[in-house]
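Okay, my_file_10.pdb now, which holds PDB, C-alpha atoms and all ligand atoms:
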ATOM      1  CA  MET N   1    -186.878 -63.029 -44.467
ATOM      2  CA  ALA N   2    -185.011 -62.415 -47.692
ATOM      3  CA  TYR N   3    -183.006 -65.175 -49.306
ATOM      4  CA  GLU N   4    -179.331 -64.382 -49.767
ATOM      5  CA  LEU N   5    -176.536 -65.384 -52.091
ATOM      6  CA  PRO N   6    -174.111 -67.302 -49.846
ATOM      7  CA  PRO N   7    -170.444 -66.323 -50.116
ATOM      8  CA  LEU N   8    -168.382 -68.487 -52.464
ATOM      9  CA  PRO N   9    -166.195 -70.878 -50.413
ATOM     10  CA  TYR N  10    -163.114 -69.637 -52.359
ATOM     11  CA  ALA N  11    -161.968 -66.690 -54.480
ATOM     12  CA  ARG N  12    -163.469 -66.306 -57.951
ATOM     13  CA  GLU N  13    -160.135 -67.090 -59.642
ATOM     14  CA  ALA N  14    -159.314 -69.990 -57.292
ATOM     15  CA  LEU N  15    -160.579 -72.732 -59.615
ATOM     16  CA  GLU N  16    -158.353 -71.685 -62.525
ATOM     17  CA  PRO N  17    -157.137 -73.063 -64.848
ATOM     18  CA  HIS N  18    -160.014 -75.572 -64.711
ATOM     19  CA  LEU N  19    -162.854 -73.035 -64.395
ATOM     20  CA  SER N  20    -162.030 -69.429 -65.228
ATOM     21  CA  ALA N  21    -162.787 -66.380 -63.106
ATOM     22  CA  GLU N  22    -164.943 -65.198 -66.027
ATOM     23  CA  THR N  23    -167.076 -68.346 -65.735
ATOM     24  CA  ILE N  24    -167.447 -67.821 -61.988
ATOM     25  CA  ASP N  25    -168.222 -64.126 -62.470
ATOM     26  CA  TYR N  26    -171.152 -65.019 -64.713
ATOM     27  CA  HIS N  27    -172.226 -68.301 -63.122
ATOM     28  CA  TYR N  28    -172.077 -67.207 -59.484
ATOM     29  CA  GLY N  29    -172.236 -63.429 -59.848
ATOM     30  CA  LYS N  30    -175.043 -63.255 -62.402
ATOM     31  CA  HIS N  31    -176.926 -66.564 -62.813
ATOM     32  CA  HIS N  32    -176.906 -67.696 -59.175
ATOM     33  CA  GLN N  33    -177.562 -64.134 -57.995
ATOM     34  CA  LYS N  34    -180.491 -63.825 -60.392
ATOM     35  CA  TYR N  35    -182.154 -66.952 -58.993
ATOM     36  CA  VAL N  36    -181.857 -65.464 -55.488
ATOM     37  CA  THR N  37    -183.234 -62.096 -56.583
ATOM     38  CA  LYS N  38    -186.090 -63.711 -58.489
ATOM     39  CA  LEU N  39    -186.982 -65.993 -55.577
ATOM     40  CA  ASN N  40    -187.235 -62.959 -53.296
ATOM     41  CA  GLN N  41    -189.497 -61.184 -55.774
ATOM     42  CA  LEU N  42    -191.728 -64.253 -56.147
ATOM     43  CA  THR N  43    -192.082 -65.067 -52.440
ATOM     44  CA  GLU N  44    -192.198 -61.626 -50.780
ATOM     45  CA  GLY N  45    -195.341 -61.357 -48.681
ATOM     46  CA  GLY N  46    -196.731 -64.654 -49.975
ATOM     47  CA  GLU N  47    -197.374 -68.133 -48.613
ATOM     48  CA  HIS N  48    -193.733 -69.231 -49.097
ATOM     49  CA  ALA N  49    -192.125 -66.093 -47.614
ATOM     50  CA  ASP N  50    -190.746 -67.559 -44.397
ATOM     51  CA  LYS N  51    -189.931 -71.073 -45.572
ATOM     52  CA  THR N  52    -186.513 -72.610 -45.968
ATOM     53  CA  LEU N  53    -185.381 -73.497 -49.462
ATOM     54  CA  GLU N  54    -185.953 -77.166 -48.626
ATOM     55  CA  GLN N  55    -189.531 -76.459 -47.520
ATOM     56  CA  ILE N  56    -190.283 -74.577 -50.729
ATOM     57  CA  ILE N  57    -188.790 -77.376 -52.820
ATOM     58  CA  ALA N  58    -191.057 -79.838 -51.019
ATOM     59  CA  ASP N  59    -194.197 -77.661 -51.060
ATOM     60  CA  ALA N  60    -194.245 -75.461 -54.139
ATOM     61  CA  GLY N  61    -195.062 -77.994 -56.856
ATOM     62  CA  SER N  62    -193.822 -77.083 -60.322
ATOM     63  CA  GLY N  63    -193.512 -73.520 -61.566
ATOM     64  CA  PRO N  64    -191.398 -70.409 -61.060
ATOM     65  CA  VAL N  65    -191.246 -70.540 -57.231
ATOM     66  CA  PHE N  66    -190.019 -74.126 -57.268
ATOM     67  CA  ASN N  67    -187.632 -73.468 -60.165
ATOM     68  CA  ASN N  68    -185.916 -70.516 -58.506
ATOM     69  CA  ALA N  69    -185.781 -72.064 -55.017
ATOM     70  CA  ALA N  70    -184.356 -75.304 -56.401
ATOM     71  CA  GLN N  71    -181.819 -73.460 -58.553
ATOM     72  CA  VAL N  72    -180.635 -71.491 -55.492
ATOM     73  CA  TRP N  73    -180.290 -74.744 -53.511
ATOM     74  CA  ASN N  74    -178.585 -76.555 -56.392
ATOM     75  CA  HIS N  75    -176.012 -73.807 -56.899
ATOM     76  CA  ASN N  76    -175.330 -73.429 -53.167
ATOM     77  CA  PHE N  77    -174.615 -77.163 -53.210
ATOM     78  CA  TYR N  78    -172.574 -77.137 -56.439
ATOM     79  CA  TRP N  79    -170.074 -74.540 -55.187
ATOM     80  CA  ASN N  80    -169.438 -76.651 -52.099
ATOM     81  CA  CYS N  81    -168.768 -79.695 -54.286
ATOM     82  CA  LEU N  82    -165.757 -77.901 -55.816
ATOM     83  CA  SER N  83    -162.487 -76.802 -54.260
ATOM     84  CA  PRO N  84    -159.108 -75.463 -55.399
ATOM     85  CA  GLU N  85    -157.695 -78.340 -53.309
ATOM     86  CA  GLY N  86    -160.084 -80.836 -54.937
ATOM     87  CA  GLY N  87    -159.536 -83.874 -57.091
ATOM     88  CA  GLY N  88    -157.979 -87.171 -56.096
ATOM     89  CA  ALA N  89    -160.076 -89.897 -54.531
ATOM     90  CA  PRO N  90    -162.666 -90.363 -51.779
ATOM     91  CA  GLU N  91    -161.766 -92.147 -48.554
ATOM     92  CA  GLY N  92    -163.502 -94.042 -45.753
ATOM     93  CA  PRO N  93    -167.152 -95.178 -45.886
ATOM     94  CA  LEU N  94    -167.875 -93.169 -49.063
ATOM     95  CA  ALA N  95    -165.026 -94.890 -50.906
ATOM     96  CA  ALA N  96    -166.410 -98.263 -49.822
ATOM     97  CA  ALA N  97    -169.933 -97.315 -50.947
ATOM     98  CA  ILE N  98    -168.665 -96.190 -54.361
ATOM     99  CA  GLU N  99    -166.762 -99.433 -54.756
ATOM    100  CA  ALA N 100    -169.874-101.426 -53.789
ATOM    101  CA  GLY N 101    -172.091 -99.428 -56.144
ATOM    102  CA  PHE N 102    -169.879 -99.066 -59.206
ATOM    103  CA  GLY N 103    -167.035-101.598 -58.835
ATOM    104  CA  SER N 104    -164.390 -98.870 -58.620
ATOM    105  CA  LEU N 105    -163.903 -95.097 -58.518
ATOM    106  CA  GLU N 106    -163.180 -95.173 -62.262
ATOM    107  CA  GLY N 107    -166.432 -97.045 -62.853
ATOM    108  CA  PHE N 108    -168.317 -94.371 -60.940
ATOM    109  CA  GLN N 109    -166.590 -91.511 -62.736
ATOM    110  CA  ASP N 110    -167.273 -93.106 -66.143
ATOM    111  CA  GLU N 111    -170.989 -93.528 -65.389
ATOM    112  CA  PHE N 112    -171.313 -89.989 -63.955
ATOM    113  CA  THR N 113    -169.424 -88.434 -66.895
ATOM    114  CA  GLN N 114    -171.545 -90.365 -69.397
ATOM    115  CA  ALA N 115    -174.718 -89.111 -67.693
ATOM    116  CA  VAL N 116    -173.461 -85.530 -68.122
ATOM    117  CA  VAL N 117    -172.549 -86.069 -71.783
ATOM    118  CA  ASP N 118    -175.900 -87.782 -72.490
ATOM    119  CA  LEU N 119    -178.127 -85.247 -70.704
ATOM    120  CA  PHE N 120    -180.355 -83.706 -73.365
ATOM    121  CA  GLY N 121    -181.001 -80.034 -72.727
ATOM    122  CA  VAL N 122    -180.182 -78.551 -69.323
ATOM    123  CA  GLY N 123    -180.126 -80.061 -65.863
ATOM    124  CA  TRP N 124    -177.940 -81.652 -63.215
ATOM    125  CA  VAL N 125    -176.187 -84.967 -62.588
ATOM    126  CA  TRP N 126    -175.972 -86.226 -59.028
ATOM    127  CA  LEU N 127    -174.404 -88.878 -56.860
ATOM    128  CA  VAL N 128    -177.166 -89.769 -54.407
ATOM    129  CA  LYS N 129    -177.598 -91.998 -51.370
ATOM    130  CA  ASP N 130    -180.692 -94.021 -50.558
ATOM    131  CA  GLY N 131    -181.986 -95.041 -47.116
ATOM    132  CA  GLU N 132    -179.693 -98.092 -47.056
ATOM    133  CA  GLY N 133    -176.541 -96.066 -47.763
ATOM    134  CA  MET N 134    -176.328 -97.357 -51.344
ATOM    135  CA  VAL N 135    -175.090 -94.810 -53.871
ATOM    136  CA  SER N 136    -176.206 -94.242 -57.461
ATOM    137  CA  VAL N 137    -176.077 -91.684 -60.270
ATOM    138  CA  ILE N 138    -179.183 -89.807 -61.389
ATOM    139  CA  ALA N 139    -179.753 -87.010 -63.900
ATOM    140  CA  THR N 140    -182.449 -84.387 -63.381
ATOM    141  CA  LYS N 141    -183.935 -81.904 -65.839
ATOM    142  CA  ASP N 142    -183.999 -78.138 -65.460
ATOM    143  CA  ALA N 143    -184.079 -77.258 -61.731
ATOM    144  CA  VAL N 144    -185.218 -80.631 -60.349
ATOM    145  CA  ASN N 145    -183.015 -82.148 -57.645
ATOM    146  CA  PRO N 146    -182.873 -85.354 -55.558
ATOM    147  CA  LEU N 147    -184.822 -83.782 -52.675
ATOM    148  CA  THR N 148    -187.928 -84.280 -54.785
ATOM    149  CA  HIS N 149    -186.963 -87.938 -55.316
ATOM    150  CA  GLY N 150    -186.607 -88.590 -51.567
ATOM    151  CA  ARG N 151    -182.869 -89.149 -51.847
ATOM    152  CA  VAL N 152    -179.822 -87.499 -50.320
ATOM    153  CA  ALA N 153    -177.585 -85.468 -52.638
ATOM    154  CA  LEU N 154    -173.882 -86.168 -52.149
ATOM    155  CA  LEU N 155    -172.286 -84.572 -55.229
ATOM    156  CA  THR N 156    -173.573 -82.621 -58.214
ATOM    157  CA  CYS N 157    -172.424 -81.331 -61.570
ATOM    158  CA  ASP N 158    -174.201 -78.389 -63.188
ATOM    159  CA  VAL N 159    -175.061 -79.313 -66.787
ATOM    160  CA  TRP N 160    -176.526 -75.966 -67.821
ATOM    161  CA  GLU N 161    -174.451 -74.436 -70.620
ATOM    162  CA  HIS N 162    -173.675 -71.386 -68.458
ATOM    163  CA  ALA N 163    -171.520 -73.726 -66.322
ATOM    164  CA  PHE N 164    -169.056 -74.603 -69.086
ATOM    165  CA  TYR N 165    -169.636 -72.691 -72.315
ATOM    166  CA  ILE N 166    -167.175 -69.837 -71.702
ATOM    167  CA  ASP N 167    -164.331 -72.275 -70.964
ATOM    168  CA  TYR N 168    -165.207 -75.375 -72.983
ATOM    169  CA  ARG N 169    -167.838 -74.310 -75.551
ATOM    170  CA  ASN N 170    -169.782 -77.449 -76.508
ATOM    171  CA  ASP N 171    -167.198 -79.924 -75.148
ATOM    172  CA  LYS N 172    -168.870 -81.462 -72.100
ATOM    173  CA  ALA N 173    -166.180 -84.157 -71.843
ATOM    174  CA  ALA N 174    -163.496 -81.472 -71.413
ATOM    175  CA  TYR N 175    -165.666 -79.810 -68.741
ATOM    176  CA  MET N 176    -165.811 -83.162 -66.946
ATOM    177  CA  ASP N 177    -162.021 -83.583 -67.071
ATOM    178  CA  ALA N 178    -161.855 -80.243 -65.257
ATOM    179  CA  PHE N 179    -164.683 -81.173 -62.885
ATOM    180  CA  TRP N 180    -162.905 -84.283 -61.591
ATOM    181  CA  LYS N 181    -159.812 -82.185 -60.816
ATOM    182  CA  LEU N 182    -161.964 -79.908 -58.643
ATOM    183  CA  VAL N 183    -164.275 -82.304 -56.775
ATOM    184  CA  ASN N 184    -164.175 -81.617 -53.050
ATOM    185  CA  TRP N 185    -164.208 -85.227 -51.816
ATOM    186  CA  ARG N 186    -163.974 -84.101 -48.181
ATOM    187  CA  PHE N 187    -167.372 -82.379 -48.589
ATOM    188  CA  VAL N 188    -168.877 -85.437 -50.326
ATOM    189  CA  GLU N 189    -167.515 -87.771 -47.596
ATOM    190  CA  GLU N 190    -169.058 -85.574 -44.918
ATOM    191  CA  ARG N 191    -172.417 -85.585 -46.709
ATOM    192  CA  TYR N 192    -172.266 -89.367 -46.912
ATOM    193  CA  THR N 193    -171.613 -89.869 -43.202
ATOM    194  CA  THR N 194    -173.752 -87.060 -41.733
ATOM    195  CA  THR N 195    -176.921 -86.895 -43.843
TER     196      THR N 195
HETATM  197 FE    FE F 201    -175.679 -73.081 -62.997
END

Represent the structure from my file as structure tokens, please.
Ligand SMILES: [Fe+2]
Amino acid sequence: MAYELPPLPYAREALEPHLSAETIDYHYGKHHQKYVTKLNQLTEGGEHADKTLEQIIADAGSGPVFNNAAQVWNHNFYWNCLSPEGGGAPEGPLAAAIEAGFGSLEGFQDEFTQAVVDLFGVGWVWLVKDGEGMVSVIATKDAVNPLTHGRVALLTCDVWEHAFYIDYRNDKAAYMDAFWKLVNWRFVEERYTTT
């Protein structure tokens, strides 16, 4: 079973002017694709060949197989966290959980944005849910994701330079202004209530 690059949930230019088609061409078309291709090369005929991405992430330990499987999972998830119809505010149980965890939506967004700005090197920032339904912000290095921390991922921001450098150069805060205009809260709400 070969791993595949899932279709983007929107056209490559659909996130403009916040994220350019050029960024998506490279980020989705080259970086994400390369992780898929590499994972297939690394797993073909081996002990991980027929596993799901989640099984590999749980089983592979550290190293190239884990890194490429986790980066495929992380990017699949990231594209679903964005939408041309995104932005605005969460509703329902997720909105209540964010208020309970951070005091307000603005409090959450400030903490999440600060975690992105403060992340040294490359990685990901996540909104996660624990077993009690409480939400928090965590940052992970390189390819690591909340699955390895036993928590449920609700929302992520890619903090590798390939995610923002074409559009925003070194200005992570400007990338985050764009990110909040694209967040697909309907996807995050569904994750909160169904996972
Ligand atoms: Fe990326």

Exercise for the section: Name the residues captured by the PyMOL selection byres (((not hetatm)) within 10 of (chain F and resi 201)) when it is applied to the shown file; answer as a count of residues only. Expected result: 27

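Here the question is which of N:Ala70, N:Val128, N:Leu15, N:Lys172 gets nearest to Gln55 of chain N using all atoms listed in the file, and that residue is N:Ala70.
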
Practice task
Would you mind telling me which residue in N:Lys34, N:Gln109, N:Asn145, N:Gly92 lies nearest to Asn68 of chain N when using all atoms listed in the file?
Solution key: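 Of N:Lys34, N:Gln109, N:Asn145, N:Gly92, the one nearest Asn68 of chain N is N:Lys34, counting all atoms listed in the file.
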
Identify, on the basis of only C-alpha atoms, every residue whose closest approach to Ser20 of chain N does not exceed 9 Å; exclude the query and any residue fewer than 6 positions from it along the same chain; express the result as a short mmCIF file (atom, residue, chain, number, x, y, z; two decimals) with C-alpha atoms, keeping the file's coordinate frame.
data_model
loop_
_atom_site.label_atom_id
_atom_site.label_comp_id
_atom_site.auth_asym_id
_atom_site.auth_seq_id
_atom_site.Cartn_x
_atom_site.Cartn_y
_atom_site.Cartn_z
CA ARG N 12 -163.47 -66.31 -57.95
CA GLU N 13 -160.14 -67.09 -59.64
CA ALA N 14 -159.31 -69.99 -57.29
CA ILE N 166 -167.18 -69.84 -71.70
CA ASP N 167 -164.33 -72.28 -70.96
#

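For the residues N:Pro90, N:Gly29, N:Glu190, N:Leu53, ranking by smallest atom-to-atom distance to Pro7 of chain N using all atoms listed in the file places N:Gly29 first.
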
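Comparing the minimum interatomic distances between Ser83 of chain N and each of N:Leu8, N:Ala173, N:Ala58, N:Val117, counting only C-alpha atoms, we find that N:Leu8 sits nearest.
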
How big is the axis-aligned box, and where does its centre sit, when it encloses all atoms of segment 78-96 of chain N listed in the file and has 3 Å added on every side, reported in Å to one decimal as JSON?
{"center_x": -165.1, "center_y": -86.4, "center_z": -51.4, "size_x": 20.9, "size_y": 29.7, "size_z": 17.3}

Problem - Answer key for the PyMOL selection byres (((chain N and resi 139) around 9) and not hetatm), residues as a list in words - result: Phe112, Ala115, Val116, Leu119, Gly123, Trp124, Val125, Trp126, Val137, Ile138, Thr140, Lys141 and Asn145 of chain N

Write out the residues from the selection above, keeping C-alpha atoms, as a PDB file, keeping the file's coordinate frame.
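Produced file selection-v4.pdb, reproduced below:
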ATOM      1  CA  PHE N 112    -171.313 -89.989 -63.955  1.00  0.00           C
ATOM      2  CA  ALA N 115    -174.718 -89.111 -67.693  1.00  0.00           C
ATOM      3  CA  VAL N 116    -173.461 -85.530 -68.122  1.00  0.00           C
ATOM      4  CA  LEU N 119    -178.127 -85.247 -70.704  1.00  0.00           C
ATOM      5  CA  GLY N 123    -180.126 -80.061 -65.863  1.00  0.00           C
ATOM      6  CA  TRP N 124    -177.940 -81.652 -63.215  1.00  0.00           C
ATOM      7  CA  VAL N 125    -176.187 -84.967 -62.588  1.00  0.00           C
ATOM      8  CA  TRP N 126    -175.972 -86.226 -59.028  1.00  0.00           C
ATOM      9  CA  VAL N 137    -176.077 -91.684 -60.270  1.00  0.00           C
ATOM     10  CA  ILE N 138    -179.183 -89.807 -61.389  1.00  0.00           C
ATOM     11  CA  THR N 140    -182.449 -84.387 -63.381  1.00  0.00           C
ATOM     12  CA  LYS N 141    -183.935 -81.904 -65.839  1.00  0.00           C
ATOM     13  CA  ASN N 145    -183.015 -82.148 -57.645  1.00  0.00           C
TER      14      ASN N 145
END

Could you give me, as a PDB file with C-alpha atoms, keeping the file's coordinate frame, the residues within 7 Å of Val188 of chain N, counting all atoms listed in the file and dropping anything in the same chain fewer than 4 positions from it?
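Final file, part05.pdb:
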ATOM      1  CA  CYS N  81    -168.768 -79.695 -54.286  1.00  0.00           C
ATOM      2  CA  LEU N 154    -173.882 -86.168 -52.149  1.00  0.00           C
ATOM      3  CA  LEU N 155    -172.286 -84.572 -55.229  1.00  0.00           C
ATOM      4  CA  ASN N 184    -164.175 -81.617 -53.050  1.00  0.00           C
ATOM      5  CA  TYR N 192    -172.266 -89.367 -46.912  1.00  0.00           C
TER       6      TYR N 192
END
